[in-house]
Amino acid sequence: MAKKFDYGQGIYYFNIRNGGHNSITIKRKDKNDAVNRFLSYKNLGKDCEWLGKWEGKKFTDTSMPSAKSA
């Protein structure tokens with residue numbers, strides 16, 4: 001299933017996978033907010049994938065955040 005929205009430039013994104021091909025994409029404007037929310041879902045045992053910051057053509061800042069970087 002293809003995404004049904006356009007990514008916003010300068011915004012951080014991550015996915016929460018719900019099994020199969022289903023996933024929810026979460027966005028946050030602030031990096032600290034994005035990292036904290038991502039880590040919250042990871043701590044709850046969710047299967048999360050960090051996408052990074054969208055720069056118009058590709059994602060940057062794609063290294064998965066850790067508790068130390070929050």
# chains A, B, ... in the order shown; residues from 1 in each chain; ligands from 1

call {"tool": "select_by_dssp", "arguments": {"residues": "chain A", "states": "strand (DSSP E)", "output": "list of chain:residue names"}}
result
A:Tyr12, A:Tyr13, A:Phe14, A:Asn15, A:Ile16, A:Arg17, A:Ser23, A:Ile24, A:Thr25, A:Ile26, A:Lys27, A:Arg28, A:Asp47, A:Cys48, A:Glu49, A:Trp50, A:Leu51, A:Gly52, A:Lys53, A:Trp54, A:Phe59, A:Thr60

call {"tool": "write_last_selection", "arguments": {"atoms": "C-alpha atoms", "output": "mmCIF file, in the first residue's frame"}}
result
data_model
loop_
_atom_site.group_PDB
_atom_site.id
_atom_site.type_symbol
_atom_site.label_atom_id
_atom_site.label_comp_id
_atom_site.auth_asym_id
_atom_site.auth_seq_id
_atom_site.Cartn_x
_atom_site.Cartn_y
_atom_site.Cartn_z
ATOM 1 C CA TYR A 12 11.028 14.194 11.373
ATOM 2 C CA TYR A 13 9.229 10.925 10.651
ATOM 3 C CA PHE A 14 9.082 7.394 12.014
ATOM 4 C CA ASN A 15 6.880 4.356 11.401
ATOM 5 C CA ILE A 16 5.164 2.040 13.842
ATOM 6 C CA ARG A 17 4.642 -1.356 12.218
ATOM 7 C CA SER A 23 2.225 0.768 9.516
ATOM 8 C CA ILE A 24 1.452 4.151 10.995
ATOM 9 C CA THR A 25 3.678 7.098 10.094
ATOM 10 C CA ILE A 26 4.227 9.633 12.879
ATOM 11 C CA LYS A 27 5.648 13.116 12.276
ATOM 12 C CA ARG A 28 7.076 15.756 14.576
ATOM 13 C CA ASP A 47 8.099 -2.349 16.298
ATOM 14 C CA CYS A 48 9.330 1.096 15.211
ATOM 15 C CA GLU A 49 11.393 2.286 12.268
ATOM 16 C CA TRP A 50 13.144 5.679 12.393
ATOM 17 C CA LEU A 51 13.004 7.441 9.011
ATOM 18 C CA GLY A 52 14.675 10.732 9.897
ATOM 19 C CA LYS A 53 14.294 14.296 8.671
ATOM 20 C CA TRP A 54 12.729 14.818 5.234
ATOM 21 C CA PHE A 59 15.683 11.539 4.484
ATOM 22 C CA THR A 60 18.660 12.880 6.445
#

call {"tool": "atom_distance", "arguments": {"atom1": "CA of Gly20 (chain A)", "atom2": "CA of Gly56 (chain A)"}}
result
27.9 Å

call {"tool": "select_by_dssp", "arguments": {"residues": "chain A", "states": "alpha helix (DSSP H)", "output": "NGL selection string"}}
result
:A and (31-43)

call {"tool": "write_last_selection", "arguments": {"atoms": "C-alpha atoms", "output": "JSON list (two decimals), in the first residue's frame"}}
result
[["chain", "number", "residue", "atom", "x", "y", "z"],
["A", 31, "LYS", "CA", 13.79, 16.60, 16.74],
["A", 32, "ASN", "CA", 13.73, 16.19, 20.53],
["A", 33, "ASP", "CA", 9.97, 15.65, 20.46],
["A", 34, "ALA", "CA", 10.34, 13.11, 17.63],
["A", 35, "VAL", "CA", 13.12, 11.21, 19.41],
["A", 36, "ASN", "CA", 11.27, 11.17, 22.73],
["A", 37, "ARG", "CA", 8.06, 9.90, 21.11],
["A", 38, "PHE", "CA", 9.99, 7.27, 19.10],
["A", 39, "LEU", "CA", 11.73, 6.00, 22.23],
["A", 40, "SER", "CA", 8.41, 5.95, 24.13],
["A", 41, "TYR", "CA", 6.93, 3.62, 21.53],
["A", 42, "LYS", "CA", 10.10, 1.45, 21.57],
["A", 43, "ASN", "CA", 9.88, 1.19, 25.38]]

call {"tool": "closest_residue", "arguments": {"among": "A:Leu44, A:Lys58, A:Asn22, A:Ser66", "to": "Gln9 (chain A)", "atoms": "only C-alpha atoms"}}
result
A:Lys58

call {"tool": "atom_distance", "arguments": {"atom1": "CA of Asp6 (chain A)", "atom2": "CA of Ala67 (chain A)"}}
result
29.2 Å
